>>> print(open('structure-v3.cif').read())   # mmCIF, C-alpha atoms and all ligand atoms
data_run
#
loop_
_atom_site.label_atom_id
_atom_site.label_comp_id
_atom_site.auth_asym_id
_atom_site.auth_seq_id
_atom_site.Cartn_x
_atom_site.Cartn_y
_atom_site.Cartn_z
CA MET A 1 0.00 0.00 0.00
CA LYS A 2 1.16 3.49 -0.80
CA ILE A 3 0.27 6.44 1.38
CA LEU A 4 0.83 10.06 0.36
CA VAL A 5 0.63 12.74 3.00
CA LEU A 6 -0.95 15.60 1.07
CA GLY A 7 -1.29 17.85 4.09
CA SER A 8 -0.06 17.37 7.64
CA GLY A 9 -1.29 20.50 9.43
CA ALA A 10 -4.42 21.06 11.51
CA GLY A 11 -7.10 23.64 10.66
CA GLY A 12 -5.33 26.83 9.54
CA GLY A 13 -2.17 25.00 8.44
CA PHE A 14 1.29 26.27 9.33
CA PRO A 15 2.10 29.09 9.45
CA GLN A 16 -1.48 30.19 9.95
CA TRP A 17 -2.39 33.24 7.85
CA ASN A 18 -3.31 35.51 10.79
CA CYS A 19 -0.99 34.11 13.47
CA ASN A 20 2.03 35.80 14.95
CA CYS A 21 2.79 33.21 17.61
CA ARG A 22 6.43 32.28 18.22
CA GLN A 23 6.28 29.45 15.71
CA CYS A 24 4.27 31.07 12.92
CA ALA A 25 6.27 34.31 13.11
CA GLY A 26 9.50 32.33 13.53
CA HIS A 27 8.78 30.40 10.35
CA ARG A 28 8.06 33.58 8.38
CA MET A 29 11.32 35.12 9.56
CA GLY A 30 13.29 32.00 8.76
CA ALA A 31 14.23 31.73 12.42
CA LEU A 32 12.72 28.28 12.95
CA THR A 33 13.75 24.89 11.59
CA ALA A 34 10.28 23.87 10.50
CA HIS A 35 8.38 23.04 7.31
CA ALA A 36 5.21 24.84 6.25
CA ARG A 37 2.19 22.53 6.31
CA THR A 38 -1.12 22.52 4.49
CA GLN A 39 -4.30 21.22 6.13
CA SER A 40 -4.46 17.49 6.67
CA SER A 41 -5.46 14.92 4.10
CA ILE A 42 -3.85 11.75 2.77
CA ALA A 43 -4.18 9.68 -0.40
CA VAL A 44 -4.00 5.88 -0.38
CA SER A 45 -3.42 3.45 -3.23
CA ALA A 46 -2.66 -0.24 -3.74
CA ASP A 47 -1.14 0.09 -7.21
CA GLY A 48 0.02 3.70 -7.44
CA GLU A 49 -2.50 4.23 -10.27
CA SER A 50 -5.86 4.71 -8.54
CA TRP A 51 -6.07 6.77 -5.38
CA VAL A 52 -8.64 7.40 -2.70
CA LEU A 53 -8.51 10.59 -0.65
CA LEU A 54 -9.05 10.34 3.07
CA ASN A 55 -10.56 13.76 3.77
CA ALA A 56 -10.48 16.66 1.34
CA SER A 57 -8.60 19.68 2.62
CA PRO A 58 -9.28 23.30 1.64
CA ASP A 59 -5.69 23.21 0.29
CA ILE A 60 -6.51 20.43 -2.18
CA GLY A 61 -5.63 22.44 -5.29
CA GLN A 62 -2.07 23.02 -4.11
CA GLN A 63 -1.83 19.46 -2.79
CA ILE A 64 -2.76 17.92 -6.15
CA ARG A 65 -0.42 20.29 -8.00
CA ASP A 66 2.40 19.18 -5.67
CA HIS A 67 1.86 15.43 -6.21
CA ALA A 68 2.49 14.05 -9.72
CA GLN A 69 0.73 10.80 -8.69
CA LEU A 70 -2.55 12.74 -8.63
CA HIS A 71 -2.15 14.55 -11.95
CA PRO A 72 -4.38 13.72 -14.96
CA ARG A 73 -2.78 10.96 -17.08
CA HIS A 74 -4.95 10.33 -20.10
CA GLY A 75 -7.46 12.11 -22.24
CA LEU A 76 -8.12 15.81 -22.17
CA ARG A 77 -9.50 15.73 -18.64
CA SER A 78 -9.10 12.90 -16.13
CA THR A 79 -8.10 12.14 -12.57
CA PRO A 80 -6.63 9.13 -10.77
CA ILE A 81 -8.69 10.11 -7.68
CA LYS A 82 -11.48 7.53 -7.47
CA ALA A 83 -13.27 8.62 -4.31
CA VAL A 84 -13.14 10.58 -1.08
CA VAL A 85 -13.73 9.04 2.35
CA LEU A 86 -14.60 11.53 5.09
CA MET A 87 -13.60 11.02 8.74
CA ASP A 88 -15.90 13.80 9.96
CA ALA A 89 -17.53 17.00 8.70
CA GLN A 90 -14.88 19.45 9.97
CA ILE A 91 -14.18 22.40 7.68
CA ASP A 92 -10.52 21.43 7.27
CA HIS A 93 -11.54 17.90 6.19
CA VAL A 94 -14.39 18.51 3.75
CA THR A 95 -14.07 21.93 2.11
CA GLY A 96 -11.72 20.44 -0.51
CA LEU A 97 -14.73 18.67 -2.03
CA LEU A 98 -15.64 22.04 -3.54
CA GLY A 99 -12.20 22.16 -5.16
CA LEU A 100 -13.01 18.95 -7.07
CA ARG A 101 -16.17 20.37 -8.68
CA GLU A 102 -14.65 20.59 -12.19
CA GLY A 103 -14.22 16.80 -12.31
CA PRO A 104 -16.56 13.84 -12.79
CA CYS A 105 -19.37 13.00 -10.37
CA LEU A 106 -17.74 12.58 -6.95
CA ASP A 107 -17.94 9.33 -5.02
CA VAL A 108 -18.17 10.28 -1.34
CA TYR A 109 -18.05 7.74 1.50
CA ALA A 110 -19.29 9.03 4.84
CA THR A 111 -21.57 8.32 7.79
CA PRO A 112 -25.20 9.49 8.10
CA CYS A 113 -24.14 12.21 10.60
CA VAL A 114 -21.60 13.61 8.15
CA PHE A 115 -24.01 13.48 5.18
CA GLU A 116 -26.55 15.27 7.37
CA ASP A 117 -24.19 18.10 8.34
CA LEU A 118 -23.03 18.46 4.74
CA THR A 119 -26.54 18.83 3.37
CA THR A 120 -28.09 20.99 6.09
CA VAL A 121 -25.99 23.34 8.26
CA PHE A 122 -22.97 23.26 5.91
CA PRO A 123 -24.50 22.21 2.56
CA VAL A 124 -21.31 21.50 0.61
CA LEU A 125 -22.84 18.40 -1.01
CA SER A 126 -26.04 20.19 -1.96
CA VAL A 127 -23.97 22.94 -3.60
CA LEU A 128 -21.99 20.33 -5.55
CA GLU A 129 -25.21 19.07 -7.13
CA HIS A 130 -24.97 22.21 -9.29
CA TYR A 131 -21.46 21.26 -10.45
CA CYS A 132 -20.11 17.70 -10.67
CA GLY A 133 -22.79 16.03 -8.54
CA THR A 134 -22.05 13.42 -5.87
CA ARG A 135 -22.69 9.72 -5.42
CA TRP A 136 -23.27 8.87 -1.79
CA HIS A 137 -21.84 5.73 -0.25
CA MET A 138 -23.34 5.48 3.21
CA LEU A 139 -21.07 4.04 5.90
CA PRO A 140 -23.69 2.57 8.23
CA ILE A 141 -22.31 3.87 11.51
CA ALA A 142 -25.04 5.18 13.77
CA GLY A 143 -26.79 4.19 17.00
CA SER A 144 -25.54 0.80 18.12
CA GLN A 145 -23.71 0.14 14.84
CA THR A 146 -20.13 1.22 15.53
CA SER A 147 -18.15 -0.29 12.67
CA ALA A 148 -18.62 -1.04 8.98
CA ALA A 149 -16.47 -2.87 6.45
CA PHE A 150 -16.58 -1.58 2.90
CA VAL A 151 -14.72 -1.39 -0.40
CA VAL A 152 -14.24 1.62 -2.61
CA ASP A 153 -15.42 1.18 -6.21
CA GLY A 154 -12.39 0.89 -8.47
CA MET A 155 -10.00 -0.04 -5.63
CA PRO A 156 -10.41 -3.84 -5.42
CA SER A 157 -7.11 -4.47 -3.63
CA LEU A 158 -7.94 -2.42 -0.56
CA ARG A 159 -10.34 -3.39 2.19
CA PHE A 160 -11.66 -0.63 4.44
CA LYS A 161 -13.19 -0.68 7.88
CA ALA A 162 -14.69 2.44 9.41
CA VAL A 163 -14.92 2.55 13.19
CA ALA A 164 -16.72 5.03 15.42
CA ILE A 165 -14.29 6.87 17.71
CA PRO A 166 -14.53 9.49 20.45
CA GLY A 167 -14.20 12.96 18.93
CA LYS A 168 -16.09 16.17 18.29
CA ALA A 169 -18.53 17.18 15.60
CA PRO A 170 -17.60 20.54 14.02
CA PRO A 171 -18.38 23.75 15.92
CA TYR A 172 -21.21 24.49 13.43
CA SER A 173 -22.87 21.09 13.90
CA PRO A 174 -25.97 20.60 16.08
CA HIS A 175 -24.04 17.63 17.54
CA ARG A 176 -21.10 19.71 18.78
CA GLN A 177 -22.03 19.52 22.46
CA GLU A 178 -23.38 15.99 22.38
CA GLN A 179 -21.52 13.55 20.20
CA ALA A 180 -23.50 11.03 18.17
CA VAL A 181 -22.14 7.72 16.87
CA GLY A 182 -20.95 8.55 13.35
CA ASP A 183 -19.77 12.12 13.95
CA ASN A 184 -16.18 10.88 13.94
CA ILE A 185 -14.67 7.76 12.48
CA ALA A 186 -11.22 6.28 12.14
CA LEU A 187 -10.27 4.07 9.22
CA LEU A 188 -8.47 0.76 8.99
CA VAL A 189 -7.20 0.17 5.46
CA GLU A 190 -5.86 -3.25 4.55
CA ASP A 191 -4.06 -4.36 1.42
CA VAL A 192 -5.70 -7.68 0.53
CA VAL A 193 -2.57 -8.98 -1.19
CA ASP A 194 -0.06 -8.68 1.64
CA GLY A 195 -2.38 -8.04 4.59
CA ARG A 196 -0.62 -4.83 5.59
CA ARG A 197 -2.73 -2.34 7.51
CA LEU A 198 -2.98 1.37 8.08
CA PHE A 199 -4.88 2.94 10.98
CA TYR A 200 -5.81 6.54 10.14
CA SER A 201 -7.32 8.90 12.67
CA PRO A 202 -6.40 12.59 12.40
CA GLY A 203 -8.93 13.54 15.08
CA LEU A 204 -9.04 11.21 18.08
CA ALA A 205 -10.25 12.46 21.45
CA GLU A 206 -9.50 9.41 23.56
CA VAL A 207 -7.87 6.02 23.27
CA GLY A 208 -9.60 3.19 25.09
CA THR A 209 -8.98 -0.54 24.87
CA GLN A 210 -10.84 -0.80 21.56
CA GLU A 211 -8.87 1.99 19.87
CA LEU A 212 -5.63 0.58 21.28
CA GLN A 213 -6.50 -2.82 19.81
CA TRP A 214 -7.09 -1.37 16.33
CA MET A 215 -3.83 0.53 16.57
CA SER A 216 -1.97 -2.57 17.72
CA ASP A 217 -3.26 -4.51 14.73
CA ALA A 218 -1.86 -1.96 12.27
CA ASP A 219 1.54 -1.83 10.58
CA CYS A 220 1.30 1.95 10.41
CA VAL A 221 -0.60 4.29 12.71
CA LEU A 222 -1.17 7.79 11.39
CA VAL A 223 -2.93 9.56 14.21
CA ASP A 224 -3.95 12.80 15.89
CA GLY A 225 -0.88 14.95 16.52
CA THR A 226 -2.78 18.21 16.97
CA PHE A 227 -1.53 19.26 20.39
CA TRP A 228 1.47 18.48 22.56
CA ALA A 229 -0.32 19.54 25.76
CA GLU A 230 -3.89 19.95 26.97
CA GLU A 231 -3.53 23.70 27.70
CA GLU A 232 -1.13 24.55 24.91
CA MET A 233 -3.38 27.11 23.21
CA ARG A 234 -4.07 28.93 26.48
CA HIS A 235 -0.39 29.01 27.48
CA ALA A 236 0.51 30.50 24.10
CA GLY A 237 -2.25 33.11 24.57
CA LEU A 238 -3.97 31.90 21.38
CA SER A 239 -7.28 30.55 22.65
CA GLY A 240 -8.98 29.50 25.86
CA LYS A 241 -9.88 26.12 24.41
CA THR A 242 -8.28 22.94 25.69
CA ALA A 243 -7.30 19.98 23.52
CA SER A 244 -10.17 17.94 25.02
CA GLU A 245 -12.71 20.64 24.28
CA MET A 246 -11.62 20.47 20.66
CA GLY A 247 -11.73 16.66 20.52
CA HIS A 248 -8.01 15.94 20.45
CA LEU A 249 -5.89 13.73 22.72
CA PRO A 250 -2.65 15.62 23.42
CA GLN A 251 0.68 13.84 23.17
CA ILE A 252 1.47 14.36 26.83
CA GLY A 253 -0.84 12.83 29.43
CA ASP A 254 -1.75 14.11 32.90
CA ASP A 255 -3.17 12.74 36.16
CA THR A 256 -6.47 11.89 34.51
CA ARG A 257 -5.41 10.15 31.30
CA ILE A 258 -2.48 8.93 29.29
CA GLY A 259 -1.27 10.90 26.27
CA MET A 260 -0.91 9.87 22.63
CA LEU A 261 2.81 9.31 23.23
CA ASP A 262 2.14 6.56 25.77
CA VAL A 263 -0.46 5.10 23.43
CA MET A 264 2.00 4.95 20.56
CA LEU A 265 4.66 3.40 22.74
CA ALA A 266 2.18 0.65 23.62
CA THR A 267 1.52 -0.25 19.98
CA LYS A 268 3.82 -2.42 17.90
CA ALA A 269 3.30 -0.74 14.53
CA SER A 270 6.50 -0.41 12.54
CA ARG A 271 5.58 3.16 11.55
CA LYS A 272 4.15 5.48 14.21
CA VAL A 273 3.33 8.84 12.71
CA LEU A 274 1.61 11.99 14.03
CA ILE A 275 -0.48 14.06 11.62
CA HIS A 276 -2.87 17.07 11.81
CA ILE A 277 -0.27 19.11 13.70
CA ASN A 278 -1.55 22.43 15.01
CA ASN A 279 0.56 25.55 14.53
CA SER A 280 0.90 25.85 18.32
CA ASN A 281 2.50 22.39 18.72
CA PRO A 282 6.22 22.60 19.61
CA ILE A 283 6.95 19.42 17.61
CA LEU A 284 6.80 21.56 14.46
CA ASP A 285 10.14 23.01 15.55
CA GLU A 286 12.67 20.39 14.51
CA ALA A 287 15.14 21.70 17.07
CA SER A 288 12.71 21.46 20.00
CA GLU A 289 13.21 19.14 22.96
CA GLN A 290 9.72 17.72 22.29
CA ARG A 291 10.81 16.74 18.79
CA ARG A 292 13.97 15.12 20.19
CA LEU A 293 11.84 13.10 22.56
CA LEU A 294 9.70 11.82 19.67
CA ASP A 295 12.83 10.98 17.65
CA GLY A 296 14.17 9.01 20.60
CA HIS A 297 11.02 6.88 20.61
CA GLY A 298 10.95 6.38 16.83
CA ILE A 299 7.77 8.42 16.49
CA GLU A 300 7.60 10.36 13.22
CA VAL A 301 5.98 13.69 12.49
CA ALA A 302 4.17 13.70 9.13
CA TYR A 303 5.15 16.40 6.65
CA ASP A 304 3.57 17.47 3.37
CA GLY A 305 4.93 15.22 0.63
CA MET A 306 5.79 12.34 2.98
CA GLU A 307 5.38 8.99 1.23
CA ILE A 308 4.88 5.79 3.16
CA THR A 309 5.04 2.38 1.51
CA LEU A 310 3.72 -0.45 3.64
C1 LIG B 1 -9.86 20.80 14.69
O1 LIG B 1 -9.56 19.68 14.33
O2 LIG B 1 -10.22 21.04 15.85
C2 LIG B 1 -9.78 21.83 13.62
O3 LIG B 1 -8.53 21.80 13.02
C3 LIG B 1 -10.38 23.10 13.88
C4 LIG B 1 -10.56 23.86 12.59
O4 LIG B 1 -10.85 23.29 11.55
O5 LIG B 1 -10.40 25.07 12.63
MN MN B 2 -8.99 19.76 12.20
ZN ZN B 3 0.77 30.37 15.20
#
>>> encode(input="structure-v3.cif", output="structure tokens", more="lines below")
Ligand code: MLT
Ligand code: MN
Ligand code: ZN
Amino acid sequence: MKILVLGSGAGGGFPQWNCNCRQCAGHRMGALTAHARTQSSIAVSADGESWVLLNASPDIGQQIRDHAQLHPRHGLRSTPIKAVVLMDAQIDHVTGLLGLREGPCLDVYATPCVFEDLTTVFPVLSVLEHYCGTRWHMLPIAGSQTSAAFVVDGMPSLRFKAVAIPGKAPPYSPHRQEQAVGDNIALLVEDVVDGRRLFYSPGLAEVGTQELQWMSDADCVLVDGTFWAEEEMRHAGLSGKTASEMGHLPQIGDDTRIGMLDVMLATKASRKVLIHINNSNPILDEASEQRRLLDGHGIEVAYDGMEITL
């Protein structure tokens, strides 16, 4: 399986357009050893020919331009992108659908909660009916149904399993304060030929025994790297919101729960990678002590253009 990291940043990317924090300003001044990052999305393929996007970032135009694998190959107009699977309805994960409107009818795989948000309070899919149109592939995750196996049309060598996870619906969603099953999913992607597995979850609020099991079964975990610490945004003077309030498990734990770092250390995946890195997270600074700590544990920080072959 081939994995392309199209974007590795959280909402806003890095540096964020309106942010003068130490890291964003430092990057602009060239005073920081850090790469700019677009908003998170990855592409997955079994053969390097057909690709499925996991989330569609607002930066999708730049991301496709930057990746030759996603360029049109034959005919006057074409695309190797076969479908988009959505993990949630967050702005940074779905707005890129609008950037695909010039292409053929879009195959979108998502849960009922996500289809609902995207046709009511944030009607991206309804708008697309006036352009390319969309074909809905419902991932039946709702109520007591917490997982669903599926295949993506045109990608016969990959098997997908969507699993409900703890997270947050977008701020604009009626579910924001009370999560429903299907607001947030993670994805297990398996190559049927060699059995290799990816666990993808750019927004993960908590890791319980079930999540830990899925992660332990994967050869590569590509998971929520938004925040280093619970109160990171407040300490930087950027926002009063905590990581938990935003639906993200920080890398460092506290008295009440373990952090993503401990989780990753407990899994036996050969590749352990953090993605969806917020501009406030010190791991963006390659010279930081936090980054050294990750390096010491063999935990990688995804960057735009990173390619993983499993
Ligand atoms: C989040 O995951 O919490 C987002 O990155 C917020 C946003 O899209 O602004
Ligand atoms: Mn986000
Ligand atoms: Zn910043």
>>> closest_residue(input="structure-v3.cif", among="A:Pro140, A:Pro166, A:Gly11, A:Pro250", to="ligand MN 2 (chain B)", atoms="all atoms listed in the file")
A:Gly11
>>> atom_distance(input="structure-v3.cif", atom1="CA of Ile277 (chain A)", atom2="CA of Leu139 (chain A)")
26.8 Å
>>> residues_near_ligand(input="structure-v3.cif", ligand="ligand LIG 1 (chain B)", cutoff="6 Å", atoms="only C-alpha atoms and all ligand atoms", output="PyMOL selection string")
chain A and resi 10-11+90-92+246
>>> closest_residue(input="structure-v3.cif", among="A:Ser144, A:Thr33, A:Gln290, A:Asn184", to="Leu261 (chain A)", atoms="only C-alpha atoms")
A:Gln290
>>> residues_near_ligand(input="structure-v3.cif", ligand="ligand ZN 3 (chain B)", cutoff="9 Å", atoms="all atoms listed in the file", output="ChimeraX atom specification")
/A:14-25,236,238,278-281
>>> residues_around(input="structure-v3.cif", residues="Gln213 (chain A)", least_positions_apart="5", cutoff="9 Å", atoms="only C-alpha atoms", output="number ranges by chain")
A: 208, 218, 267
>>> build_atoms(input="structure-v3.cif", residues="region 119-130 of chain A", atoms="all heavy atoms", output="PDB file, in the coordinates of the input")
ATOM      1  N   THR A 119     -25.394  18.480   4.225  1.00  0.00           N
ATOM      2  CA  THR A 119     -26.540  18.830   3.370  1.00  0.00           C
ATOM      3  C   THR A 119     -27.498  19.768   4.095  1.00  0.00           C
ATOM      4  O   THR A 119     -28.498  20.191   3.524  1.00  0.00           O
ATOM      5  CB  THR A 119     -27.332  17.559   2.955  1.00  0.00           C
ATOM      6  OG1 THR A 119     -27.504  16.733   4.097  1.00  0.00           O
ATOM      7  CG2 THR A 119     -26.608  16.781   1.884  1.00  0.00           C
ATOM      8  N   THR A 120     -27.195  20.084   5.361  1.00  0.00           N
ATOM      9  CA  THR A 120     -28.090  20.990   6.090  1.00  0.00           C
ATOM     10  C   THR A 120     -27.334  22.237   6.551  1.00  0.00           C
ATOM     11  O   THR A 120     -27.306  23.241   5.845  1.00  0.00           O
ATOM     12  CB  THR A 120     -28.721  20.263   7.304  1.00  0.00           C
ATOM     13  OG1 THR A 120     -27.685  19.740   8.143  1.00  0.00           O
ATOM     14  CG2 THR A 120     -29.648  19.145   6.852  1.00  0.00           C
ATOM     15  N   VAL A 121     -26.650  22.141   7.705  1.00  0.00           N
ATOM     16  CA  VAL A 121     -25.990  23.340   8.260  1.00  0.00           C
ATOM     17  C   VAL A 121     -24.790  23.809   7.455  1.00  0.00           C
ATOM     18  O   VAL A 121     -24.421  24.981   7.486  1.00  0.00           O
ATOM     19  CB  VAL A 121     -25.603  23.117   9.733  1.00  0.00           C
ATOM     20  CG1 VAL A 121     -26.770  23.391  10.650  1.00  0.00           C
ATOM     21  CG2 VAL A 121     -25.052  21.712   9.975  1.00  0.00           C
ATOM     22  N   PHE A 122     -24.128  22.904   6.757  1.00  0.00           N
ATOM     23  CA  PHE A 122     -22.970  23.260   5.910  1.00  0.00           C
ATOM     24  C   PHE A 122     -23.137  22.507   4.583  1.00  0.00           C
ATOM     25  O   PHE A 122     -22.501  21.488   4.345  1.00  0.00           O
ATOM     26  CB  PHE A 122     -21.667  22.865   6.624  1.00  0.00           C
ATOM     27  CG  PHE A 122     -20.408  23.299   5.921  1.00  0.00           C
ATOM     28  CD1 PHE A 122     -20.329  24.508   5.233  1.00  0.00           C
ATOM     29  CD2 PHE A 122     -19.268  22.504   5.970  1.00  0.00           C
ATOM     30  CE1 PHE A 122     -19.155  24.903   4.604  1.00  0.00           C
ATOM     31  CE2 PHE A 122     -18.087  22.890   5.343  1.00  0.00           C
ATOM     32  CZ  PHE A 122     -18.036  24.089   4.663  1.00  0.00           C
ATOM     33  N   PRO A 123     -24.014  23.021   3.700  1.00  0.00           N
ATOM     34  CA  PRO A 123     -24.500  22.210   2.560  1.00  0.00           C
ATOM     35  C   PRO A 123     -23.543  22.086   1.378  1.00  0.00           C
ATOM     36  O   PRO A 123     -23.921  22.290   0.225  1.00  0.00           O
ATOM     37  CB  PRO A 123     -25.794  22.925   2.179  1.00  0.00           C
ATOM     38  CG  PRO A 123     -25.588  24.336   2.584  1.00  0.00           C
ATOM     39  CD  PRO A 123     -24.672  24.333   3.783  1.00  0.00           C
ATOM     40  N   VAL A 124     -22.320  21.686   1.658  1.00  0.00           N
ATOM     41  CA  VAL A 124     -21.310  21.500   0.610  1.00  0.00           C
ATOM     42  C   VAL A 124     -21.796  20.522  -0.470  1.00  0.00           C
ATOM     43  O   VAL A 124     -21.635  20.765  -1.671  1.00  0.00           O
ATOM     44  CB  VAL A 124     -20.016  20.957   1.266  1.00  0.00           C
ATOM     45  CG1 VAL A 124     -19.026  20.470   0.230  1.00  0.00           C
ATOM     46  CG2 VAL A 124     -19.384  22.030   2.147  1.00  0.00           C
ATOM     47  N   LEU A 125     -22.413  19.421  -0.038  1.00  0.00           N
ATOM     48  CA  LEU A 125     -22.840  18.400  -1.010  1.00  0.00           C
ATOM     49  C   LEU A 125     -24.017  18.894  -1.835  1.00  0.00           C
ATOM     50  O   LEU A 125     -24.111  18.617  -3.029  1.00  0.00           O
ATOM     51  CB  LEU A 125     -23.191  17.095  -0.285  1.00  0.00           C
ATOM     52  CG  LEU A 125     -22.012  16.426   0.437  1.00  0.00           C
ATOM     53  CD1 LEU A 125     -22.489  15.199   1.205  1.00  0.00           C
ATOM     54  CD2 LEU A 125     -20.905  16.048  -0.534  1.00  0.00           C
ATOM     55  N   SER A 126     -24.905  19.645  -1.201  1.00  0.00           N
ATOM     56  CA  SER A 126     -26.040  20.190  -1.960  1.00  0.00           C
ATOM     57  C   SER A 126     -25.531  21.172  -3.005  1.00  0.00           C
ATOM     58  O   SER A 126     -26.011  21.187  -4.147  1.00  0.00           O
ATOM     59  CB  SER A 126     -27.013  20.910  -1.013  1.00  0.00           C
ATOM     60  OG  SER A 126     -27.212  20.147   0.156  1.00  0.00           O
ATOM     61  N   VAL A 127     -24.548  21.982  -2.649  1.00  0.00           N
ATOM     62  CA  VAL A 127     -23.970  22.940  -3.600  1.00  0.00           C
ATOM     63  C   VAL A 127     -23.347  22.193  -4.781  1.00  0.00           C
ATOM     64  O   VAL A 127     -23.502  22.583  -5.943  1.00  0.00           O
ATOM     65  CB  VAL A 127     -22.925  23.839  -2.886  1.00  0.00           C
ATOM     66  CG1 VAL A 127     -22.120  24.651  -3.894  1.00  0.00           C
ATOM     67  CG2 VAL A 127     -23.617  24.777  -1.890  1.00  0.00           C
ATOM     68  N   LEU A 128     -22.667  21.085  -4.484  1.00  0.00           N
ATOM     69  CA  LEU A 128     -21.990  20.330  -5.550  1.00  0.00           C
ATOM     70  C   LEU A 128     -22.955  19.726  -6.563  1.00  0.00           C
ATOM     71  O   LEU A 128     -22.559  19.403  -7.678  1.00  0.00           O
ATOM     72  CB  LEU A 128     -21.106  19.227  -4.938  1.00  0.00           C
ATOM     73  CG  LEU A 128     -19.774  19.715  -4.371  1.00  0.00           C
ATOM     74  CD1 LEU A 128     -19.065  18.582  -3.625  1.00  0.00           C
ATOM     75  CD2 LEU A 128     -18.863  20.277  -5.470  1.00  0.00           C
ATOM     76  N   GLU A 129     -24.223  19.569  -6.167  1.00  0.00           N
ATOM     77  CA  GLU A 129     -25.210  19.070  -7.130  1.00  0.00           C
ATOM     78  C   GLU A 129     -25.308  19.991  -8.345  1.00  0.00           C
ATOM     79  O   GLU A 129     -25.720  19.583  -9.416  1.00  0.00           O
ATOM     80  CB  GLU A 129     -26.594  18.913  -6.475  1.00  0.00           C
ATOM     81  CG  GLU A 129     -26.668  17.758  -5.479  1.00  0.00           C
ATOM     82  CD  GLU A 129     -26.054  16.470  -6.009  1.00  0.00           C
ATOM     83  OE1 GLU A 129     -26.410  16.054  -7.129  1.00  0.00           O
ATOM     84  OE2 GLU A 129     -25.194  15.894  -5.314  1.00  0.00           O
ATOM     85  N   HIS A 130     -24.926  21.256  -8.177  1.00  0.00           N
ATOM     86  CA  HIS A 130     -24.970  22.210  -9.290  1.00  0.00           C
ATOM     87  C   HIS A 130     -23.689  22.216 -10.109  1.00  0.00           C
ATOM     88  O   HIS A 130     -23.550  22.992 -11.048  1.00  0.00           O
ATOM     89  CB  HIS A 130     -25.263  23.621  -8.753  1.00  0.00           C
ATOM     90  CG  HIS A 130     -26.553  23.693  -7.996  1.00  0.00           C
ATOM     91  ND1 HIS A 130     -27.771  23.822  -8.621  1.00  0.00           N
ATOM     92  CD2 HIS A 130     -26.808  23.572  -6.673  1.00  0.00           C
ATOM     93  CE1 HIS A 130     -28.729  23.812  -7.703  1.00  0.00           C
ATOM     94  NE2 HIS A 130     -28.170  23.656  -6.515  1.00  0.00           N
TER      95      HIS A 130
END
